[in-house]
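Visitor: Quick one: the structure is below, questions incoming.
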Amino acid sequence: MGIEAALPAEGFVTTQLRHVINWARRSSLWPMPFATACCGIELMATACSRYDLARFGAEVMRFSPRQADLMIVAGRIAVKMLPVLQRTYEQMPEPKWVISMGACASTGGVFDTYAVVQGCDQFIPVDVYVPGCPPRPEQLIEGVMAIQRHIDREGLPPPGGKRVPLGLVIEPTHIPRPQPVTLGR
Ligand code: SF4
């Protein structure tokens, strides 16, 4: 992992517990895919070998919310489906994050109808909005990395603290960016 090159001759390093815990947390985001439509296909592509979400430790898709800490809403949410989305979110343990992937999840997209929720953030807190129809896998990865950067910066999560959504927006682009991008501070 490269850490051995940084070890001094004595063979030990000192650090803060906060850094180690946050390093482990940001390197093991477990997504709960709430994929309801075509954006879900792009989400699958993100986890496949070409884009390899595993490089960021976030490839372990969990289909039990109790084992997940990153909900990815990918696709339109029908009003009928909304209680399921909310229940799934509630069943995820804290600390947890939410990515709204694509125009439909964030705004209802082209489905301006009474049957489609016009933005899942009206009902669950959203940390990162990834624009596009659908967003490219690189953009979704940027969204995951935005949460990683936040975890790197923050202290230890307060027990039972109030959930404040980050409200970050990923810049829309159709240009693939070289991956991986270095985690900044
Ligand atoms: S944003 Fe576009 S690609 Fe994604 S679910 Fe909606 S219509 Fe499909």
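For the structure tokens, the naming scheme is as follows: chains receive sequential letters (A, B, ...) according to their order of presentation, residues are indexed from 1 within each chain, and ligands are indexed from 1 in presentation order.
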For the interface of range 111-139 of chain A with range 77-88 of chain A (cut-off 12 Å, counting only C-alpha atoms), please tabulate each contacting residue of range 111-139 of chain A alongside its nearest pair of atoms and their separation in Å to one decimal, rows sorted by chain and increasing number, as a Markdown table.
Guide:
| residue | atom | partner | partner_atom | distance |
| --- | --- | --- | --- | --- |
| A:Phe111 | CA | A:Ala78 | CA | 9.9 |
| A:Asp112 | CA | A:Ala78 | CA | 11.3 |
| A:Thr113 | CA | A:Ala78 | CA | 9.7 |
| A:Tyr114 | CA | A:Val79 | CA | 8.1 |
| A:Ala115 | CA | A:Val79 | CA | 5.5 |
| A:Val116 | CA | A:Ala78 | CA | 4.4 |
| A:Val117 | CA | A:Ile77 | CA | 5.6 |
| A:Gln118 | CA | A:Ile77 | CA | 8.3 |
| A:Gly119 | CA | A:Ile77 | CA | 8.2 |
| A:Cys120 | CA | A:Ile77 | CA | 7.2 |
| A:Asp121 | CA | A:Gln86 | CA | 10.8 |
| A:Gln122 | CA | A:Leu82 | CA | 10.7 |
| A:Phe123 | CA | A:Gln86 | CA | 7.2 |
| A:Ile124 | CA | A:Gln86 | CA | 6.7 |
| A:Pro125 | CA | A:Gln86 | CA | 10.2 |
Visitor: Any chance you could export the current selection's N, CA and C atoms as a PDB file, in the first residue's frame?
Guide:
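out34.pdb, written as the output of this step:
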ATOM      1  N   PHE A 111     -39.860  13.470 -16.278  1.00  0.00           N
ATOM      2  CA  PHE A 111     -41.127  12.874 -15.840  1.00  0.00           C
ATOM      3  C   PHE A 111     -41.849  13.852 -14.909  1.00  0.00           C
ATOM      4  N   ASP A 112     -42.341  14.921 -15.500  1.00  0.00           N
ATOM      5  CA  ASP A 112     -43.029  15.958 -14.731  1.00  0.00           C
ATOM      6  C   ASP A 112     -44.498  15.539 -14.580  1.00  0.00           C
ATOM      7  N   THR A 113     -44.716  14.500 -13.785  1.00  0.00           N
ATOM      8  CA  THR A 113     -46.069  13.979 -13.646  1.00  0.00           C
ATOM      9  C   THR A 113     -46.390  13.782 -12.170  1.00  0.00           C
ATOM     10  N   TYR A 114     -47.655  13.629 -11.886  1.00  0.00           N
ATOM     11  CA  TYR A 114     -48.083  13.474 -10.494  1.00  0.00           C
ATOM     12  C   TYR A 114     -47.600  12.161  -9.896  1.00  0.00           C
ATOM     13  N   ALA A 115     -47.195  11.217 -10.730  1.00  0.00           N
ATOM     14  CA  ALA A 115     -46.837   9.897 -10.223  1.00  0.00           C
ATOM     15  C   ALA A 115     -45.369   9.780  -9.848  1.00  0.00           C
ATOM     16  N   VAL A 116     -44.565  10.803 -10.215  1.00  0.00           N
ATOM     17  CA  VAL A 116     -43.119  10.714 -10.003  1.00  0.00           C
ATOM     18  C   VAL A 116     -42.687  11.803  -9.017  1.00  0.00           C
ATOM     19  N   VAL A 117     -41.890  11.397  -8.028  1.00  0.00           N
ATOM     20  CA  VAL A 117     -41.362  12.346  -7.047  1.00  0.00           C
ATOM     21  C   VAL A 117     -40.429  13.323  -7.756  1.00  0.00           C
ATOM     22  N   GLN A 118     -40.634  14.613  -7.556  1.00  0.00           N
ATOM     23  CA  GLN A 118     -39.844  15.638  -8.250  1.00  0.00           C
ATOM     24  C   GLN A 118     -38.601  15.994  -7.423  1.00  0.00           C
ATOM     25  N   GLY A 119     -37.831  14.993  -7.113  1.00  0.00           N
ATOM     26  CA  GLY A 119     -36.604  15.214  -6.334  1.00  0.00           C
ATOM     27  C   GLY A 119     -36.660  14.446  -5.029  1.00  0.00           C
ATOM     28  N   CYS A 120     -35.777  13.441  -4.898  1.00  0.00           N
ATOM     29  CA  CYS A 120     -35.826  12.622  -3.680  1.00  0.00           C
ATOM     30  C   CYS A 120     -35.378  13.410  -2.454  1.00  0.00           C
ATOM     31  N   ASP A 121     -34.709  14.573  -2.680  1.00  0.00           N
ATOM     32  CA  ASP A 121     -34.259  15.351  -1.522  1.00  0.00           C
ATOM     33  C   ASP A 121     -35.417  16.004  -0.768  1.00  0.00           C
ATOM     34  N   GLN A 122     -36.607  15.926  -1.320  1.00  0.00           N
ATOM     35  CA  GLN A 122     -37.766  16.424  -0.576  1.00  0.00           C
ATOM     36  C   GLN A 122     -38.148  15.468   0.553  1.00  0.00           C
ATOM     37  N   PHE A 123     -37.604  14.250   0.496  1.00  0.00           N
ATOM     38  CA  PHE A 123     -38.043  13.235   1.451  1.00  0.00           C
ATOM     39  C   PHE A 123     -36.907  12.568   2.214  1.00  0.00           C
ATOM     40  N   ILE A 124     -35.690  12.580   1.666  1.00  0.00           N
ATOM     41  CA  ILE A 124     -34.532  12.099   2.406  1.00  0.00           C
ATOM     42  C   ILE A 124     -33.400  13.110   2.194  1.00  0.00           C
ATOM     43  N   PRO A 125     -32.488  13.254   3.179  1.00  0.00           N
ATOM     44  CA  PRO A 125     -31.385  14.209   2.994  1.00  0.00           C
ATOM     45  C   PRO A 125     -30.398  13.708   1.948  1.00  0.00           C
TER      46      PRO A 125
END
Visitor: Check which residues fall inside 8 Å of ligand 1 when counting only C-alpha atoms and all ligand atoms, and print them as a PyMOL selection string.
Guide: chain A and resi 36-40+74-76+101-105+108-110+132-135
Visitor: Only C-alpha atoms, please: the residues just picked out, written as an mmCIF file, in the first residue's frame.
Guide:
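Final output, saved to result.cif:
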data_model
loop_
_atom_site.group_PDB
_atom_site.id
_atom_site.type_symbol
_atom_site.label_atom_id
_atom_site.label_comp_id
_atom_site.auth_asym_id
_atom_site.auth_seq_id
_atom_site.Cartn_x
_atom_site.Cartn_y
_atom_site.Cartn_z
ATOM 1 C CA THR A 36 -34.995 2.041 -10.331
ATOM 2 C CA ALA A 37 -34.306 2.948 -13.952
ATOM 3 C CA CYS A 38 -31.673 3.505 -16.637
ATOM 4 C CA CYS A 39 -29.248 5.309 -14.302
ATOM 5 C CA GLY A 40 -28.970 1.954 -12.556
ATOM 6 C CA ALA A 74 -30.305 6.005 -9.330
ATOM 7 C CA GLY A 75 -33.445 6.587 -11.331
ATOM 8 C CA ARG A 76 -36.912 8.038 -10.948
ATOM 9 C CA MET A 101 -27.612 10.090 -9.237
ATOM 10 C CA GLY A 102 -29.087 11.601 -12.376
ATOM 11 C CA ALA A 103 -31.744 14.103 -13.286
ATOM 12 C CA CYS A 104 -34.670 11.859 -12.363
ATOM 13 C CA ALA A 105 -33.517 11.192 -8.807
ATOM 14 C CA GLY A 108 -37.915 14.034 -11.524
ATOM 15 C CA GLY A 109 -36.149 14.652 -14.846
ATOM 16 C CA VAL A 110 -38.430 14.625 -17.860
ATOM 17 C CA GLY A 132 -26.675 13.907 -16.024
ATOM 18 C CA CYS A 133 -29.085 11.741 -17.928
ATOM 19 C CA PRO A 134 -27.450 9.440 -17.160
ATOM 20 C CA PRO A 135 -24.267 10.642 -15.461
#
Visitor: Which residues come within 6 Å of Pro165 in chain A, counting only C-alpha atoms, excluding same-chain residues fewer than 2 positions away, as a list in words?
Guide: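 Near neighbours after the sequence-gap exclusion: Pro125, Val126, Asp127 and Gly167 of chain A.
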Visitor: Keeping only C-alpha atoms, write the selected residues as a PDB file, in the first residue's frame.
Guide:
ATOM      1  CA  PRO A 125     -31.385  14.209   2.994  1.00  0.00           C
ATOM      2  CA  VAL A 126     -29.090  14.198  -0.047  1.00  0.00           C
ATOM      3  CA  ASP A 127     -25.353  14.787   0.329  1.00  0.00           C
ATOM      4  CA  GLY A 167     -25.655  19.380  -0.403  1.00  0.00           C
TER       5      GLY A 167
END
Visitor: For range 74-112 of chain A versus range 58-64 of chain A, which residues have an atom no more than 12 Å away, and what is each residue's nearest atom pair and distance in Å rounded to one decimal, using only C-alpha atoms, chain-then-number order, as a tab-separated table?
Guide:
residue	atom	partner	partner_atom	distance
A:Arg87	CA	A:Ser64	CA	11.8
A:Thr88	CA	A:Ser64	CA	8.6
A:Tyr89	CA	A:Ser64	CA	10.7
A:Glu90	CA	A:Ser64	CA	12.0
A:Gln91	CA	A:Ser64	CA	8.9
A:Met92	CA	A:Ser64	CA	8.5
A:Pro93	CA	A:Ser64	CA	11.0
Visitor: Please list as a list of chain:residue names every residue within 9 Å of range 145-156 of chain A, counting only C-alpha atoms and excluding residues in the same chain fewer than 6 positions away.
Guide: A:Arg18, A:His19, A:Ile21, A:Asn22, A:Trp23, A:Arg25, A:Arg26, A:Ser27, A:Leu29, A:Phe56, A:Trp97, A:Asp127, A:Val128, A:Leu166, A:Leu168, A:Ile170, A:Val181, A:Leu183, A:Gly184, A:Arg185
Visitor: Those residues with C-alpha atoms, as a PDB file, in the first residue's frame please?
Guide:
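New file result_2.pdb:
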ATOM      1  CA  ARG A  18      -9.036  10.276  14.127  1.00  0.00           C
ATOM      2  CA  HIS A  19      -6.995   9.970  10.894  1.00  0.00           C
ATOM      3  CA  ILE A  21     -10.567   5.832  11.776  1.00  0.00           C
ATOM      4  CA  ASN A  22     -11.509   8.262   9.026  1.00  0.00           C
ATOM      5  CA  TRP A  23      -9.113   6.534   6.608  1.00  0.00           C
ATOM      6  CA  ARG A  25     -14.308   4.800   7.031  1.00  0.00           C
ATOM      7  CA  ARG A  26     -13.669   6.512   3.735  1.00  0.00           C
ATOM      8  CA  SER A  27     -11.969   3.438   2.295  1.00  0.00           C
ATOM      9  CA  LEU A  29     -18.061   2.910   1.880  1.00  0.00           C
ATOM     10  CA  PHE A  56     -12.125   3.433  -3.938  1.00  0.00           C
ATOM     11  CA  TRP A  97     -24.574   9.373   3.161  1.00  0.00           C
ATOM     12  CA  ASP A 127     -25.353  14.787   0.329  1.00  0.00           C
ATOM     13  CA  VAL A 128     -24.178  14.766  -3.283  1.00  0.00           C
ATOM     14  CA  LEU A 166     -23.810  18.104   2.687  1.00  0.00           C
ATOM     15  CA  LEU A 168     -22.672  19.079  -2.769  1.00  0.00           C
ATOM     16  CA  ILE A 170     -20.779  17.557  -8.972  1.00  0.00           C
ATOM     17  CA  VAL A 181      -8.005  11.506  -8.977  1.00  0.00           C
ATOM     18  CA  LEU A 183      -7.808  12.643  -2.745  1.00  0.00           C
ATOM     19  CA  GLY A 184      -7.321  16.285  -1.800  1.00  0.00           C
ATOM     20  CA  ARG A 185      -7.951  18.093   1.452  1.00  0.00           C
TER      21      ARG A 185
END
Visitor: So the first atom is CA of Leu140 in chain A and the second is CA of Val20 in chain A; what is the distance between them in Å, to one decimal place?
Guide: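 Interatomic distance here is 25.3 Å.
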Visitor: Write down as a ChimeraX atom specification the residues belonging to chain A that are assigned strand (DSSP E) by DSSP computed on the backbone.
Guide: /A:31-35,70-74,97-101,128-130,168-169
Visitor: How would you write, as a list in words, the set of residues in range 54-108 of chain A that DSSP gives as helix (DSSP H, G or I)?
Guide: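 DSSP on the backbone gives helix (DSSP H, G or I) at Ala54, Arg55, Phe56, Pro65, Arg66, Gln67, Val79, Lys80, Met81, Leu82, Pro83, Val84, Leu85, Gln86, Arg87, Thr88, Tyr89, Glu90, Gln91, Gly102, Ala103, Cys104, Ala105, Ser106 and Thr107 of chain A.
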